[in-house]
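Heads up, the thing below is written out as structure tokens.
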Amino acid sequence: MTTGTQVTLGFDDVQVGDTITPVSIAVTYKRICMNAASTWDWFPGHHDPEYARSQGQDTIYLSTLFFHGFIDRGLGDWAGPDALVRRRKISMIKSIYPGQTATLTGRVVGKREEGGARLVDLELMVASEEGPCVPSEATLQLPEGRS
């Protein structure tokens, strides 16, 4: 299916084992603080380095809301504008700090039809240069196929 110039993957276009297109983003102090401001997540660990260090962190770090949005962006980039995120689950096991790069990777682990919806299940990982940070899962609803 084509929307404007961007193609949406169809259910028939995706196979178990397919990998998503990786997405990377440079993490800066400014990005972390702007994310906290734009989501109204004023937890001090996302904008106050001294507070973050008092928690045992290196400095300020990315928030939960950043990871939800970053994963949705990566899924949208891969699957296209007609894909619908039906489910997303994340676990934060390691922080990502300014000066690092957040990279989303993933693969299709299942396909199914449920109540007329064509669903694709994915295992995802957001990692930094230090390794895995946010293991995640998602389910996308895709249209039947490309047109």
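Every chain in the structure tokens takes a letter, A first, then B, and so on in the order presented; its residues are numbered from 1, and the ligands are numbered from 1 following the presented order.
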Neighbour list for region 117-129 of chain A as JSON, numbers by chain, cut-off 8 Å, only C-alpha atoms, skip fewer than 5 positions in-chain: {"A": [11, 67, 96, 100, 101, 102, 103, 104, 105, 106, 107, 108, 109, 110, 111, 112, 134, 135, 136, 137, 138, 139, 140, 141, 142, 143, 144]}
Atom-to-atom span, CA of Arg87 (chain A) and CA of Met34 (chain A), Å: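 Here the two named atoms are 25.9 Å from each other.
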In region 28-96 of chain A, DSSP alpha helix (DSSP H) residues written as a ChimeraX atom specification: /A:29-39,49-54,64-79
Per-residue nearest contacts of region 83-146 of chain A to region 55-59 of chain A (12 Å; only C-alpha atoms) as JSON lines:
{"residue": "A:Lys94", "atom": "CA", "partner": "A:Gln57", "partner_atom": "CA", "distance": 9.9}
{"residue": "A:Ser95", "atom": "CA", "partner": "A:Gln57", "partner_atom": "CA", "distance": 7.9}
{"residue": "A:Ile96", "atom": "CA", "partner": "A:Asp58", "partner_atom": "CA", "distance": 9.5}
{"residue": "A:Tyr97", "atom": "CA", "partner": "A:Thr59", "partner_atom": "CA", "distance": 6.8}
{"residue": "A:Pro98", "atom": "CA", "partner": "A:Thr59", "partner_atom": "CA", "distance": 8.0}
{"residue": "A:Gly99", "atom": "CA", "partner": "A:Thr59", "partner_atom": "CA", "distance": 10.8}
{"residue": "A:Gln100", "atom": "CA", "partner": "A:Thr59", "partner_atom": "CA", "distance": 12.0}
DSSP-assigned strand (DSSP E) members of chain A, reported as a VMD selection string: chain A and resid 2 to 3 6 to 7 23 to 26 84 to 90 101 to 114 117 to 128 131 to 141
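Distance check against Arg31 (chain A) using only C-alpha atoms: of A:Ser63, A:Pro81, A:Arg88, A:Gly10, the minimum falls on A:Ser63.
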Using only C-alpha atoms: which of A:Val14, A:Leu9, A:His68, A:Thr28 has the shortest distance to Ser91 (chain A):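 Selected residue with least distance to Ser91 (chain A): A:His68.
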d(CA of Ile60 (chain A), CA of Tyr29 (chain A)) in Å: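 Spanning CA of Ile60 (chain A) to CA of Tyr29 (chain A) is a straight-line distance of 7.6 Å.
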Å distance separating CA of Asp77 (chain A) from CA of Trp40 (chain A), one decimal place: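 Taking CA of Asp77 (chain A) as the start and CA of Trp40 (chain A) as the end point, the length is 25.4 Å.
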Counting only C-alpha atoms, the residue of A:Ile93, A:Gly80, A:Thr64, A:Ser54 that sits nearest Ile32 (chain A):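 Smallest separation from Ile32 (chain A) among the options: A:Thr64.
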Shell of 7 Å around Gly45 (chain A), only C-alpha atoms, local chain residues under 5 positions omitted, as a PyMOL selection string: chain A and resi 51-52+60-61
Would you export the selected residues with N, CA and C atoms as a PDB file, in the first residue's frame, please?
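Ended up saving to result-v4.pdb:
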ATOM      1  N   TYR A  51      21.586  15.059  40.752  1.00  0.00           N
ATOM      2  CA  TYR A  51      20.566  14.124  41.231  1.00  0.00           C
ATOM      3  C   TYR A  51      20.778  12.741  40.611  1.00  0.00           C
ATOM      4  N   ALA A  52      21.024  12.712  39.303  1.00  0.00           N
ATOM      5  CA  ALA A  52      21.235  11.433  38.621  1.00  0.00           C
ATOM      6  C   ALA A  52      22.411  10.678  39.240  1.00  0.00           C
ATOM      7  N   ILE A  60      22.653  12.533  33.671  1.00  0.00           N
ATOM      8  CA  ILE A  60      21.253  12.417  33.262  1.00  0.00           C
ATOM      9  C   ILE A  60      21.115  11.317  32.215  1.00  0.00           C
ATOM     10  N   TYR A  61      19.898  10.800  32.072  1.00  0.00           N
ATOM     11  CA  TYR A  61      19.682   9.646  31.208  1.00  0.00           C
ATOM     12  C   TYR A  61      18.323   9.726  30.541  1.00  0.00           C
TER      13      TYR A  61
END
